[in-house]
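Structure file upload_27.txt (compact mmCIF, C-alpha atoms) follows.
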# COMPACT_ATOMS: atom_id res chain seq x y z
CA MET A 1 154.45 48.22 191.12
CA ARG A 2 153.39 45.86 193.87
CA ARG A 3 156.08 43.82 195.59
CA GLY A 4 156.38 40.39 194.01
CA SER A 5 154.33 41.32 190.95
CA PRO A 6 155.83 40.47 187.56
CA GLU A 7 157.44 43.19 185.49
CA VAL A 8 155.28 44.10 182.50
CA ASP A 9 157.19 44.60 179.27
CA ASP A 10 155.87 44.64 175.71
CA ASN A 11 159.37 44.30 174.27
CA THR A 12 159.56 40.49 174.28
CA ILE A 13 159.77 38.03 171.39
CA LEU A 14 158.54 34.43 171.70
CA ILE A 15 160.24 31.80 169.54
CA ARG A 16 158.35 28.49 169.41
CA ARG A 17 161.07 26.21 168.06
CA THR A 18 164.56 24.90 168.67
CA LEU A 19 167.35 27.01 167.20
CA ARG A 20 169.65 24.88 165.03
CA SER A 21 173.28 25.40 164.03
CA GLY A 22 173.68 28.53 161.89
CA GLN A 23 170.47 30.18 163.11
CA LYS A 24 170.84 33.56 164.82
CA VAL A 25 168.40 35.73 166.73
CA TYR A 26 169.18 39.37 167.49
CA TYR A 27 166.51 41.29 169.41
CA ASP A 28 166.27 44.64 171.17
CA GLY A 29 164.42 43.38 174.25
CA HIS A 30 163.76 40.04 175.95
CA VAL A 31 163.84 36.68 174.16
CA VAL A 32 161.84 33.60 175.24
CA ILE A 33 162.55 30.33 173.40
CA LEU A 34 160.29 27.29 173.66
CA GLY A 35 162.94 24.79 172.64
CA ASP A 36 166.72 24.41 172.75
CA VAL A 37 169.62 26.55 171.57
CA ASN A 38 171.84 24.00 169.81
CA PRO A 39 175.60 24.28 169.21
CA GLY A 40 176.26 26.73 166.38
CA ALA A 41 173.10 28.75 167.13
CA GLU A 42 173.32 32.24 168.60
CA VAL A 43 170.92 34.43 170.60
CA VAL A 44 171.69 38.09 171.32
CA ALA A 45 169.23 40.22 173.32
CA THR A 46 169.48 43.57 175.07
CA GLY A 47 167.24 42.14 177.82
CA ASN A 48 166.84 38.71 179.42
CA VAL A 49 167.04 35.38 177.59
CA ILE A 50 164.75 32.58 178.81
CA VAL A 51 165.08 29.13 177.24
CA MET A 52 162.50 26.45 177.98
CA GLY A 53 165.07 23.80 177.10
CA THR A 54 168.85 23.41 176.98
CA VAL A 55 171.39 26.07 175.97
CA ARG A 56 174.31 24.52 174.09
CA GLY A 57 175.05 27.39 171.70
CA VAL A 58 176.00 31.03 172.26
CA VAL A 59 173.74 33.29 174.32
CA HIS A 60 174.29 36.99 175.04
CA ALA A 61 171.85 38.73 177.40
CA GLY A 62 172.09 42.42 178.26
CA ALA A 63 173.87 43.08 174.96
CA GLY A 64 173.43 46.84 175.40
CA GLY A 65 175.44 46.75 178.64
CA ASN A 66 172.61 45.77 181.03
CA GLU A 67 174.38 43.92 183.87
CA LYS A 68 171.02 43.13 185.52
CA ALA A 69 170.02 40.88 182.60
CA ILE A 70 169.79 37.13 183.20
CA VAL A 71 169.87 33.90 181.23
CA LEU A 72 167.44 31.29 182.50
CA ALA A 73 167.19 27.73 181.12
CA PHE A 74 166.33 24.20 182.13
CA ARG A 75 169.99 23.34 181.41
CA LEU A 76 172.93 25.66 180.81
CA GLU A 77 175.69 23.97 178.78
CA PRO A 78 176.68 26.94 176.57
CA ILE A 79 179.64 27.12 174.24
CA GLN A 80 179.75 30.74 175.36
CA LEU A 81 177.50 32.77 177.64
CA ARG A 82 177.68 36.56 177.90
CA ILE A 83 175.88 39.04 180.11
CA ALA A 84 176.61 42.67 179.23
CA ASN A 85 180.42 42.73 178.78
CA HIS A 86 181.10 39.62 180.90
CA ILE A 87 181.92 36.33 179.15
CA THR A 88 182.04 32.73 180.37
CA ARG A 89 181.78 29.24 178.94
CA SER A 90 180.92 25.77 180.20
CA PRO A 91 183.58 24.11 182.34
CA ASP A 92 185.65 21.30 180.87
CA GLY A 93 184.60 17.77 181.67
CA PRO A 94 181.24 16.03 181.63
CA PRO A 95 178.24 18.29 182.29
CA GLN A 96 176.64 18.07 185.70
CA LYS A 97 172.95 17.25 185.80
CA PRO A 98 170.99 20.05 187.48
CA THR A 99 167.99 19.23 189.64
CA GLY A 100 165.97 22.10 188.17
CA PRO A 101 166.22 25.26 186.07
CA GLU A 102 169.44 27.25 186.16
CA VAL A 103 170.02 30.99 186.03
CA ALA A 104 173.12 32.92 185.01
CA ARG A 105 173.59 36.46 186.31
CA ILE A 106 176.31 38.90 187.27
CA LYS A 107 177.38 38.70 190.92
CA ASN A 108 180.35 40.72 192.17
CA GLY A 109 181.44 41.39 188.59
CA VAL A 110 181.48 37.70 187.57
CA VAL A 111 178.99 35.57 185.62
CA THR A 112 177.55 33.10 188.13
CA ILE A 113 175.39 30.08 187.28
CA GLU A 114 173.21 28.65 190.01
CA ALA A 115 169.96 26.81 190.59
CA TYR A 116 166.93 29.00 189.90
CA SER A 117 164.88 29.86 192.97
CA PRO A 118 161.81 32.08 192.44
Written as structure tokens, that's how I'd like the structure from this file.
Amino acid sequence: MRRGSPEVDDNTILIRRTLRSGQKVYYDGHVVILGDVNPGAEVVATGNVIVMGTVRGVVHAGAGGNEKAIVLAFRLEPIQLRIANHITRSPDGPPQKPTGPEVARIKNGVVTIEAYSP
């Protein structure tokens, strides 16, 4: 693989809608959502989760124990966010407005949310 080239993976599902309360997606691979993940909705993937919208529900990336999995979204305001066996939730208080997409990943054994930089 050439440096900087995208990883090719056929194990990805594309969901072209917002997930509403009570809707659940479980997938053995990567999940890409063109919409939001609303409170009460849940996404569980063994790979990465990419949301072209806001995450307000529950998202679990790397569900098979993959600590290199990420969650990427325009806004991360999850009720609960998990990567592999690590769990976090949104901080108390009013949500901060990001200036761009956000990414959650494991750094030094802790789920870290930061601005996405390609």
Applying 9 Å and all atoms listed in the file, which residues near Glu42 of chain A remain after dropping the ones on its own chain fewer than 6 positions away? List them as a ChimeraX atom specification. /A:19-26,57-60
Between atom CA of Gly40 of chain A and atom CA of Ile83 of chain A, what distance in Å does the model show, to one decimal? 18.4 Å
Separation of atom CA of His30 of chain A from atom CA of Thr99 of chain A, in Å and rounded to one decimal: 25.3 Å
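Of the listed residues (A:Val103, A:Val71, A:Thr112, A:Asn11), A:Thr112 comes nearest to Thr88 of chain A; the distances count only C-alpha atoms.
Atom CA of Thr54 of chain A sits 25.7 Å away from atom CA of Asn108 of chain A.
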Taking only C-alpha atoms into account, name the residue in A:Ser117, A:Asn85, A:Gln80, A:Thr46 that is nearest to Asp28 of chain A. A:Thr46
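Comparing A:Ile50, A:Val31, A:Leu72, A:Ala61 by their smallest distance to Asp10 of chain A, the closest is A:Val31 (using only C-alpha atoms).
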Contacts of Lys97 of chain A within 12 Å, all atoms listed in the file, excl. fewer than 6 positions in-chain, as a list of chain:residue names: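 In the requested form, the answer reads A:Thr54, A:Phe74, A:Arg75, A:Leu76, A:Glu77, A:Ala115.
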I need the chosen residues saved as a PDB file, in the frame of the given file, with C-alpha atoms.
ATOM      1  CA  THR A  54     168.850  23.410 176.980  1.00  0.00           C
ATOM      2  CA  PHE A  74     166.330  24.200 182.130  1.00  0.00           C
ATOM      3  CA  ARG A  75     169.990  23.340 181.410  1.00  0.00           C
ATOM      4  CA  LEU A  76     172.930  25.660 180.810  1.00  0.00           C
ATOM      5  CA  GLU A  77     175.690  23.970 178.780  1.00  0.00           C
ATOM      6  CA  ALA A 115     169.960  26.810 190.590  1.00  0.00           C
TER       7      ALA A 115
END
Pick from A:Thr12, A:Asn48, A:Asn38, A:Thr18: nearest to Pro78 of chain A, with all atoms listed in the file counted?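 The answer is A:Asn38, which sits nearest to Pro78 of chain A.
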Among the residues A:Val37, A:Ala84, A:Val43, A:Val110, the one that comes closest to Glu67 of chain A [using all atoms listed in the file]: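 The shortest atom-to-atom distance to Glu67 of chain A comes from A:Ala84.
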For the structure just given, write the atoms of segment 56-69 of chain A, namely N, CA and C atoms, as an mmCIF file, in the first residue's frame.
data_model
loop_
_atom_site.group_PDB
_atom_site.id
_atom_site.type_symbol
_atom_site.label_atom_id
_atom_site.label_comp_id
_atom_site.auth_asym_id
_atom_site.auth_seq_id
_atom_site.Cartn_x
_atom_site.Cartn_y
_atom_site.Cartn_z
ATOM 1 N N ARG A 56 -25.811 11.737 18.784
ATOM 2 C CA ARG A 56 -26.430 12.034 20.076
ATOM 3 C C ARG A 56 -26.851 10.751 20.797
ATOM 4 N N GLY A 57 -26.768 9.634 20.118
ATOM 5 C CA GLY A 57 -27.157 8.351 20.693
ATOM 6 C C GLY A 57 -25.954 7.596 21.209
ATOM 7 N N VAL A 58 -26.005 6.268 21.103
ATOM 8 C CA VAL A 58 -24.933 5.388 21.565
ATOM 9 C C VAL A 58 -24.184 4.857 20.352
ATOM 10 N N VAL A 59 -22.863 4.977 20.370
ATOM 11 C CA VAL A 59 -22.023 4.461 19.294
ATOM 12 C C VAL A 59 -20.900 3.630 19.895
ATOM 13 N N HIS A 60 -20.693 2.431 19.318
ATOM 14 C CA HIS A 60 -19.626 1.538 19.767
ATOM 15 C C HIS A 60 -18.826 1.105 18.542
ATOM 16 N N ALA A 61 -17.615 1.616 18.406
ATOM 17 C CA ALA A 61 -16.704 1.217 17.334
ATOM 18 C C ALA A 61 -15.698 0.223 17.904
ATOM 19 N N GLY A 62 -15.163 -0.640 17.043
ATOM 20 C CA GLY A 62 -14.187 -1.619 17.507
ATOM 21 C C GLY A 62 -14.783 -2.619 18.473
ATOM 22 N N ALA A 63 -16.048 -2.980 18.251
ATOM 23 C CA ALA A 63 -16.778 -3.833 19.193
ATOM 24 C C ALA A 63 -16.122 -5.200 19.415
ATOM 25 N N GLY A 64 -15.293 -5.641 18.487
ATOM 26 C CA GLY A 64 -14.595 -6.907 18.666
ATOM 27 C C GLY A 64 -13.294 -6.761 19.438
ATOM 28 N N GLY A 65 -13.033 -5.578 19.990
ATOM 29 C CA GLY A 65 -11.804 -5.344 20.750
ATOM 30 C C GLY A 65 -10.754 -4.551 19.995
ATOM 31 N N ASN A 66 -11.098 -4.010 18.817
ATOM 32 C CA ASN A 66 -10.155 -3.249 18.000
ATOM 33 C C ASN A 66 -9.953 -1.847 18.573
ATOM 34 N N GLU A 67 -8.839 -1.634 19.273
ATOM 35 C CA GLU A 67 -8.557 -0.328 19.877
ATOM 36 C C GLU A 67 -8.090 0.709 18.861
ATOM 37 N N LYS A 68 -7.858 0.310 17.614
ATOM 38 C CA LYS A 68 -7.467 1.264 16.567
ATOM 39 C C LYS A 68 -8.680 1.839 15.846
ATOM 40 N N ALA A 69 -9.873 1.366 16.175
ATOM 41 C CA ALA A 69 -11.101 1.872 15.562
ATOM 42 C C ALA A 69 -11.329 3.318 15.990
#
